[in-house]
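Q: Sharing target.pdb below, PDB, C-alpha atoms:
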```pdb
MODEL        1
ATOM      1  CA  GLN A   1      86.179 -82.651-117.921
ATOM      2  CA  ARG A   2      85.273 -83.235-114.280
ATOM      3  CA  SER A   3      88.446 -81.581-113.054
ATOM      4  CA  ALA A   4      87.944 -78.647-115.428
ATOM      5  CA  ARG A   5      84.463 -77.955-114.036
ATOM      6  CA  SER A   6      85.505 -78.225-110.414
ATOM      7  CA  GLU A   7      88.515 -75.967-110.689
ATOM      8  CA  LEU A   8      88.241 -72.181-110.913
ATOM      9  CA  PRO A   9      90.976 -69.891-112.168
ATOM     10  CA  SER A  10      92.941 -68.279-109.403
ATOM     11  CA  GLN A  11      91.787 -64.799-110.462
ATOM     12  CA  GLN A  12      88.090 -65.762-110.147
ATOM     13  CA  LEU A  13      88.762 -67.289-106.743
ATOM     14  CA  ALA A  14      90.479 -64.131-105.581
ATOM     15  CA  ASN A  15      87.606 -61.919-106.714
ATOM     16  CA  ALA A  16      84.806 -64.144-105.459
ATOM     17  CA  PRO A  17      82.765 -62.586-102.601
ATOM     18  CA  VAL A  18      83.543 -64.216 -99.256
ATOM     19  CA  PRO A  19      80.575 -64.622 -96.861
ATOM     20  CA  MET A  20      81.029 -63.137 -93.397
ATOM     21  CA  MET A  21      79.903 -65.204 -90.441
ATOM     22  CA  LEU A  22      77.900 -63.538 -87.670
ATOM     23  CA  SER A  23      77.853 -64.615 -84.052
ATOM     24  CA  GLY A  24      74.350 -66.033 -84.479
ATOM     25  CA  GLY A  25      75.461 -68.404 -87.187
ATOM     26  CA  SER A  26      74.009 -66.511 -90.147
ATOM     27  CA  ALA A  27      76.113 -65.232 -93.005
ATOM     28  CA  LEU A  28      76.356 -61.942 -94.889
ATOM     29  CA  ASN A  29      77.397 -61.726 -98.502
ATOM     30  CA  ALA A  30      79.545 -58.939 -99.939
ATOM     31  CA  SER A  31      76.528 -56.657-100.288
ATOM     32  CA  GLY A  32      75.712 -56.955 -96.598
ATOM     33  CA  ILE A  33      72.518 -58.965 -97.166
ATOM     34  CA  SER A  34      71.823 -61.898 -94.898
ATOM     35  CA  LEU A  35      72.040 -65.098 -96.906
ATOM     36  CA  SER A  36      69.573 -66.841 -94.641
ATOM     37  CA  ALA A  37      67.030 -64.034 -95.134
ATOM     38  CA  MET A  38      67.338 -63.830 -98.913
ATOM     39  CA  SER A  39      64.766 -66.570 -99.372
ATOM     40  CA  GLU A  40      62.287 -64.567 -97.312
ATOM     41  CA  VAL A  41      62.542 -61.364 -99.392
ATOM     42  CA  THR A  42      59.150 -60.246-100.739
ATOM     43  CA  PRO A  43      58.886 -60.875-104.498
ATOM     44  CA  PRO A  44      59.383 -57.732-106.629
ATOM     45  CA  ALA A  45      55.902 -58.044-108.138
ATOM     46  CA  VAL A  46      54.310 -57.878-104.682
ATOM     47  CA  LEU A  47      56.438 -54.866-103.709
ATOM     48  CA  GLN A  48      55.523 -53.058-106.904
ATOM     49  CA  ARG A  49      51.821 -53.815-106.426
ATOM     50  CA  SER A  50      51.829 -52.569-102.823
ATOM     51  CA  ARG A  51      53.749 -49.440-103.868
ATOM     52  CA  ILE A  52      51.106 -48.636-106.505
ATOM     53  CA  ILE A  53      48.314 -49.087-103.951
ATOM     54  CA  ARG A  54      50.011 -46.777-101.456
ATOM     55  CA  MET A  55      50.652 -44.096-104.080
ATOM     56  CA  SER A  56      47.167 -44.202-105.572
ATOM     57  CA  ALA A  57      45.260 -44.195-102.262
ATOM     58  CA  PRO A  58      45.527 -40.432-101.576
ATOM     59  CA  ILE A  59      44.365 -39.620-105.125
ATOM     60  CA  ASP A  60      41.379 -41.932-104.775
ATOM     61  CA  MET A  61      40.443 -40.475-101.389
ATOM     62  CA  GLU A  62      40.760 -36.927-102.716
ATOM     63  CA  SER A  63      38.205 -37.622-105.448
ATOM     64  CA  ARG A  64      35.599 -38.937-102.996
ATOM     65  CA  GLY A  65      33.548 -37.509-100.169
ATOM     66  CA  ARG A  66      32.297 -33.993 -99.548
ATOM     67  CA  VAL A  67      34.283 -31.045-100.911
ATOM     68  CA  VAL A  68      33.453 -27.400-100.159
ATOM     69  CA  LEU A  69      35.067 -25.014-102.631
ATOM     70  CA  GLU A  70      37.207 -22.237-101.213
ATOM     71  CA  PRO A  71      35.825 -18.689-101.665
ATOM     72  CA  ASP A  72      37.645 -16.500-104.168
ATOM     73  CA  TYR A  73      37.315 -12.685-104.213
ATOM     74  CA  ARG A  74      39.071 -12.036-107.511
ATOM     75  CA  LEU A  75      35.848 -11.331-109.416
ATOM     76  CA  ALA A  76      34.595  -8.925-106.757
ATOM     77  CA  ASN A  77      37.970  -7.205-106.523
ATOM     78  CA  SER A  78      38.137  -6.823-110.299
ATOM     79  CA  ALA A  79      34.751  -5.083-110.408
ATOM     80  CA  ALA A  80      35.692  -2.795-107.518
ATOM     81  CA  GLY A  81      39.061  -1.984-109.098
ATOM     82  CA  ALA A  82      37.469  -1.163-112.443
ATOM     83  CA  ALA A  83      34.970   1.098-110.686
ATOM     84  CA  GLY A  84      37.791   2.990-108.994
ATOM     85  CA  LEU A  85      39.751   3.423-112.213
ATOM     86  CA  ILE A  86      36.735   4.697-114.132
ATOM     87  CA  THR A  87      35.692   7.056-111.353
ATOM     88  CA  LEU A  88      39.141   8.592-110.931
ATOM     89  CA  GLY A  89      40.199   8.432-114.566
ATOM     90  CA  THR A  90      37.173  10.070-116.182
ATOM     91  CA  PRO A  91      37.279  13.894-116.089
ATOM     92  CA  PHE A  92      34.568  16.408-115.227
ATOM     93  CA  GLY A  93      32.895  14.073-112.722
ATOM     94  CA  PHE A  94      31.409  11.800-115.394
ATOM     95  CA  GLY A  95      33.337   8.874-113.961
ATOM     96  CA  LEU A  96      31.153   8.772-110.866
ATOM     97  CA  GLY A  97      28.066   7.908-112.863
ATOM     98  CA  LEU A  98      29.947   5.218-114.756
ATOM     99  CA  GLY A  99      31.904   3.794-111.855
ATOM    100  CA  ALA A 100      29.131   3.691-109.268
ATOM    101  CA  PRO A 101      27.261   0.746-110.852
ATOM    102  CA  LEU A 102      30.501  -1.248-111.056
ATOM    103  CA  GLY A 103      31.255  -0.392-107.434
ATOM    104  CA  LEU A 104      27.840  -1.650-106.370
ATOM    105  CA  LEU A 105      28.374  -4.811-108.401
ATOM    106  CA  GLY A 106      31.729  -5.367-106.693
ATOM    107  CA  ALA A 107      30.159  -4.950-103.253
ATOM    108  CA  PHE A 108      27.358  -7.384-104.140
ATOM    109  CA  LEU A 109      29.813  -9.996-105.448
ATOM    110  CA  ALA A 110      31.946  -9.633-102.318
ATOM    111  CA  SER A 111      28.924 -10.265-100.071
ATOM    112  CA  ARG A 112      27.924 -13.302-102.145
ATOM    113  CA  THR A 113      31.472 -14.640-102.043
ATOM    114  CA  ARG A 114      31.442 -14.377 -98.262
ATOM    115  CA  MET A 115      28.136 -16.226 -97.880
ATOM    116  CA  VAL A 116      27.720 -18.642-100.816
ATOM    117  CA  ARG A 117      29.459 -22.028-100.962
ATOM    118  CA  PHE A 118      29.568 -24.550-103.811
ATOM    119  CA  VAL A 119      29.549 -28.079-102.388
ATOM    120  CA  PHE A 120      30.310 -31.391-104.121
ATOM    121  CA  ASP A 121      29.348 -34.665-102.451
ATOM    122  CA  ASP A 122      29.295 -38.243-103.739
ATOM    123  CA  ASP A 123      26.060 -37.902-105.728
ATOM    124  CA  ALA A 124      25.383 -34.242-106.466
ATOM    125  CA  MET A 125      26.601 -30.661-106.338
ATOM    126  CA  GLU A 126      24.774 -28.018-104.339
ATOM    127  CA  VAL A 127      24.785 -24.288-103.679
ATOM    128  CA  MET A 128      24.720 -23.697 -99.918
ATOM    129  CA  THR A 129      25.007 -20.738 -97.558
ATOM    130  CA  ALA A 130      27.546 -20.145 -94.808
ATOM    131  CA  GLY A 131      25.636 -20.223 -91.523
ATOM    132  CA  GLY A 132      25.008 -16.986 -89.649
ATOM    133  CA  GLU A 133      25.733 -13.371 -90.358
ATOM    134  CA  GLY A 134      29.402 -12.625 -90.514
ATOM    135  CA  ALA A 135      30.273 -16.292 -90.793
ATOM    136  CA  ALA A 136      33.660 -16.572 -92.422
ATOM    137  CA  ASP A 137      36.021 -19.391 -93.136
ATOM    138  CA  LYS A 138      38.794 -19.753 -90.597
ATOM    139  CA  LYS A 139      42.008 -21.648 -91.118
ATOM    140  CA  GLY A 140      41.791 -24.892 -89.235
ATOM    141  CA  GLY A 141      38.090 -24.340 -88.496
ATOM    142  CA  GLU A 142      34.882 -25.405 -90.184
ATOM    143  CA  THR A 143      32.072 -23.103 -91.246
ATOM    144  CA  GLN A 144      28.565 -24.390 -90.667
ATOM    145  CA  LEU A 145      26.568 -24.604 -93.909
ATOM    146  CA  ARG A 146      22.845 -24.533 -94.430
ATOM    147  CA  GLU A 147      20.527 -25.102 -97.380
ATOM    148  CA  SER A 148      20.232 -22.024 -99.578
ATOM    149  CA  ALA A 149      16.985 -20.307-100.521
ATOM    150  CA  PRO A 150      14.992 -21.835-103.411
ATOM    151  CA  ASN A 151      16.270 -21.053-106.874
ATOM    152  CA  PHE A 152      14.951 -17.617-107.827
ATOM    153  CA  ALA A 153      14.538 -18.515-111.520
ATOM    154  CA  VAL A 154      13.017 -22.004-111.527
ATOM    155  CA  GLY A 155      12.309 -22.674-107.843
ATOM    156  CA  GLY A 156      13.272 -25.761-105.899
ATOM    157  CA  ARG A 157      16.428 -26.743-104.105
ATOM    158  CA  ASN A 158      19.795 -25.705-105.556
ATOM    159  CA  ARG A 159      21.062 -29.277-105.730
ATOM    160  CA  TRP A 160      21.682 -31.240-108.918
ATOM    161  CA  ARG A 161      22.695 -34.882-109.391
ATOM    162  CA  TYR A 162      25.770 -35.488-111.522
ATOM    163  CA  GLU A 163      23.957 -38.027-113.670
ATOM    164  CA  ALA A 164      21.337 -35.400-114.613
ATOM    165  CA  ILE A 165      23.896 -32.889-115.947
ATOM    166  CA  ASP A 166      24.220 -33.041-119.727
ATOM    167  CA  GLU A 167      26.940 -30.441-120.271
ATOM    168  CA  TRP A 168      29.015 -27.817-118.508
ATOM    169  CA  ALA A 169      31.472 -25.053-119.332
ATOM    170  CA  MET A 170      33.438 -22.167-117.844
ATOM    171  CA  TYR A 171      33.340 -18.827-119.678
ATOM    172  CA  PRO A 172      35.320 -17.238-121.144
ATOM    173  CA  SER A 173      37.862 -19.980-120.278
ATOM    174  CA  PRO A 174      38.752 -22.339-117.399
ATOM    175  CA  GLN A 175      41.950 -20.337-116.844
ATOM    176  CA  GLN A 176      40.165 -16.977-116.467
ATOM    177  CA  PRO A 177      36.534 -17.843-115.714
ATOM    178  CA  VAL A 178      33.790 -15.352-114.921
ATOM    179  CA  LEU A 179      30.771 -17.655-115.225
ATOM    180  CA  VAL A 180      30.231 -21.377-114.773
ATOM    181  CA  TYR A 181      27.438 -22.936-116.834
ATOM    182  CA  PHE A 182      25.731 -26.305-116.769
ATOM    183  CA  ARG A 183      22.560 -27.775-118.248
ATOM    184  CA  GLU A 184      20.592 -30.440-116.380
ATOM    185  CA  ARG A 185      17.454 -32.565-116.832
ATOM    186  CA  GLN A 186      16.514 -32.762-113.156
ATOM    187  CA  THR A 187      14.510 -29.526-113.106
ATOM    188  CA  SER A 188      12.910 -30.083-116.501
ATOM    189  CA  PRO A 189      12.895 -33.147-118.789
ATOM    190  CA  ASP A 190      13.649 -30.821-121.696
ATOM    191  CA  GLY A 191      16.717 -29.470-119.924
ATOM    192  CA  GLN A 192      17.396 -26.346-117.871
ATOM    193  CA  GLY A 193      20.507 -24.186-118.132
ATOM    194  CA  HIS A 194      22.137 -22.456-115.139
ATOM    195  CA  PHE A 195      24.726 -19.702-114.800
ATOM    196  CA  PHE A 196      26.667 -18.808-111.657
ATOM    197  CA  PRO A 197      29.423 -16.241-111.171
ATOM    198  CA  VAL A 198      32.720 -17.879-110.237
ATOM    199  CA  LEU A 199      32.952 -16.861-106.572
ATOM    200  CA  PHE A 200      35.138 -19.822-105.601
ATOM    201  CA  ALA A 201      38.614 -21.113-106.469
ATOM    202  CA  PRO A 202      38.452 -21.631-110.270
ATOM    203  CA  ASP A 203      41.094 -24.372-110.437
ATOM    204  CA  GLN A 204      39.312 -26.326-107.694
ATOM    205  CA  LEU A 205      35.962 -25.814-109.433
ATOM    206  CA  CYS A 206      37.312 -27.031-112.786
ATOM    207  CA  ARG A 207      38.897 -30.096-111.172
ATOM    208  CA  MET A 208      35.721 -31.104-109.360
ATOM    209  CA  MET A 209      33.518 -30.581-112.426
ATOM    210  CA  THR A 210      35.948 -32.680-114.466
ATOM    211  CA  GLU A 211      36.188 -35.487-111.900
ATOM    212  CA  ARG A 212      32.554 -35.757-110.825
ATOM    213  CA  VAL A 213      30.464 -34.462-113.708
ATOM    214  CA  GLY A 214      32.882 -35.694-116.363
ATOM    215  CA  ALA A 215      35.416 -34.273-118.778
ATOM    216  CA  ASN A 216      33.415 -35.714-121.694
ATOM    217  CA  ARG A 217      30.469 -33.446-120.802
ATOM    218  CA  ARG A 218      32.449 -30.246-120.975
ATOM    219  CA  VAL A 219      31.544 -28.126-124.010
ATOM    220  CA  LYS A 220      33.274 -25.194-125.692
ATOM    221  CA  SER A 221      30.285 -24.010-127.690
ATOM    222  CA  LEU A 222      27.716 -21.405-126.708
ATOM    223  CA  PRO A 223      25.430 -22.393-123.799
ATOM    224  CA  ARG A 224      21.890 -23.680-124.281
ATOM    225  CA  LEU A 225      19.359 -22.078-121.992
TER
ENDMDL
END
```
With the file now loaded, output its structure as structure tokens.
A:
Amino acid sequence: QRSARSELPSQQLANAPVPMMLSGGSALNASGISLSAMSEVTPPAVLQRSRIIRMSAPIDMESRGRVVLEPDYRLANSAAGAAGLITLGTPFGFGLGLGAPLGLLGAFLASRTRMVRFVFDDDAMEVMTAGGEGAADKKGGETQLRESAPNFAVGGRNRWRYEAIDEWAMYPSPQQPVLVYFRERQTSPDGQGHFFPVLFAPDQLCRMMTERVGANRRVKSLPRL
């Protein structure tokens, strides 16, 4: 039995990997891995844990801090385009009377898109104004923001804590939104509803509302004012 255990078949001996000696005295196996360093390899569980931390860090950082939504002119352009089609497509000059109000609405929405910013920070969301006349976002630059005028409907600052928001929605849908709605208890203990035209990137708006206000507070029913 002892001789049987100590002896290997000639075929196994021929196929066995032969270590290669380096000048420094260390050896390499057939895979090219240092035999002396194999004991110092980081355990797979530690590597996997560090890989998860590195991959999840950018996502965690993206969901924190101050985020200013990018302006989006699609709503203003849609109103202006509809005004042009009605004006030119309606005969006998009747289109001017129908298209003019839409044209004015498009111009108003464009000016609001240029000036109004929706801002999300760690604790609340706020409607702010781009600083200065003619202030526009520049790639690689930063637009100065200032506090907006008091809310024209209920007064007070246009800033609402996430914890005070009971529900929110985007109408008619998050994919093609025209209005964003939310109801909060900060202005009134009984609740106060708010509507804003979507003048900012809708996908970014939906993501921030989902992450910071909460997906469980999104409603699909009619709004409560």
Q: Tell me, as a list in words, which residues lie within 9 Å of stretch 175-178 of chain A, counting all atoms listed in the file; anything in the same chain fewer than 5 positions away does not count.
A: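 Here the qualifying residues turn out to be Leu75, Met170, Phe196, Pro197, Val198, Leu199, Pro202 and Asp203 of chain A.
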Q: Evaluate the PyMOL selection byres ((chain A and resi 67) around 7) on the structure here and hand back the selected residues as a PyMOL selection string.
A: chain A and resi 65-66+68-69+119-121
Q: Please provide as a list in words all residues within 10 Å of stretch 104-111 of chain A, with the sequence filter that same-chain residues fewer than 2 positions apart are discarded (counting all atoms listed in the file).
A: Pro71, Asp72, Tyr73, Arg74, Leu75, Ala76, Asn77, Ser78, Ala79, Ala80, Gly81, Ala82, Ala83, Gly99, Ala100, Pro101, Leu102, Thr113, Arg114, Met115, Val116, Gly134, Pro197, Val198 and Leu199 of chain A
Q: Which residue gives the smallest distance to A:Arg207 among A:Leu225, A:Ala124, A:Pro174, A:Asp166, with all atoms listed in the file counted?
A: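 Closest residue, counting all atoms listed in the file: A:Pro174.
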Q: Would you please work out which residue, of A:Gly103, A:Pro91, A:Pro223, A:Gly84, is nearest to A:Phe195 when using all atoms listed in the file?
A: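 Among the listed residues, A:Pro223 lies closest to A:Phe195.
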Q: Using the incomplete input, complete stretch 76-87 of chain A to the level of all heavy atoms; output as a compact mmCIF listing (two decimals), keeping the file's coordinate frame.
A:
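Output contents, as saved in selection38.txt:
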```txt
# COMPACT_ATOMS: atom_id res chain seq x y z
N ALA A 76 35.07 -10.12 -107.47
CA ALA A 76 34.60 -8.93 -106.76
C ALA A 76 35.64 -7.83 -106.76
O ALA A 76 35.33 -6.64 -106.97
CB ALA A 76 34.21 -9.30 -105.33
N ASN A 77 36.89 -8.20 -106.54
CA ASN A 77 37.97 -7.20 -106.52
C ASN A 77 38.18 -6.57 -107.90
O ASN A 77 38.50 -5.38 -108.01
CB ASN A 77 39.27 -7.85 -106.04
CG ASN A 77 39.21 -8.24 -104.58
OD1 ASN A 77 38.39 -7.72 -103.82
ND2 ASN A 77 40.06 -9.16 -104.17
N SER A 78 37.99 -7.36 -108.95
CA SER A 78 38.14 -6.82 -110.30
C SER A 78 37.07 -5.78 -110.59
O SER A 78 37.36 -4.72 -111.18
CB SER A 78 38.05 -7.95 -111.33
OG SER A 78 39.12 -8.87 -111.15
N ALA A 79 35.83 -6.05 -110.19
CA ALA A 79 34.75 -5.08 -110.41
C ALA A 79 34.99 -3.81 -109.60
O ALA A 79 34.80 -2.70 -110.11
CB ALA A 79 33.41 -5.72 -110.03
N ALA A 80 35.42 -3.97 -108.35
CA ALA A 80 35.69 -2.80 -107.52
C ALA A 80 36.87 -1.99 -108.07
O ALA A 80 36.84 -0.75 -108.07
CB ALA A 80 35.97 -3.23 -106.09
N GLY A 81 37.91 -2.68 -108.53
CA GLY A 81 39.06 -1.98 -109.10
C GLY A 81 38.71 -1.22 -110.36
O GLY A 81 39.16 -0.08 -110.56
N ALA A 82 37.89 -1.85 -111.23
CA ALA A 82 37.47 -1.16 -112.44
C ALA A 82 36.63 0.06 -112.11
O ALA A 82 36.74 1.11 -112.77
CB ALA A 82 36.68 -2.13 -113.33
N ALA A 83 35.78 -0.06 -111.10
CA ALA A 83 34.97 1.10 -110.69
C ALA A 83 35.84 2.25 -110.22
O ALA A 83 35.59 3.42 -110.55
CB ALA A 83 34.01 0.67 -109.58
N GLY A 84 36.89 1.95 -109.46
CA GLY A 84 37.79 2.99 -108.99
C GLY A 84 38.55 3.66 -110.12
O GLY A 84 38.69 4.89 -110.15
N LEU A 85 39.01 2.86 -111.08
CA LEU A 85 39.75 3.42 -112.21
C LEU A 85 38.87 4.32 -113.07
O LEU A 85 39.29 5.40 -113.51
CB LEU A 85 40.34 2.29 -113.07
CG LEU A 85 41.49 1.50 -112.44
CD1 LEU A 85 41.88 0.34 -113.36
CD2 LEU A 85 42.69 2.39 -112.18
N ILE A 86 37.64 3.89 -113.32
CA ILE A 86 36.74 4.70 -114.13
C ILE A 86 36.36 5.98 -113.42
O ILE A 86 36.33 7.07 -114.01
CB ILE A 86 35.48 3.88 -114.49
CG1 ILE A 86 35.85 2.73 -115.43
CG2 ILE A 86 34.41 4.77 -115.12
CD1 ILE A 86 34.71 1.80 -115.75
N THR A 87 36.10 5.87 -112.12
CA THR A 87 35.69 7.06 -111.35
C THR A 87 36.80 8.10 -111.31
O THR A 87 36.57 9.31 -111.50
CB THR A 87 35.29 6.65 -109.93
OG1 THR A 87 34.21 5.70 -110.00
CG2 THR A 87 34.86 7.86 -109.12
```
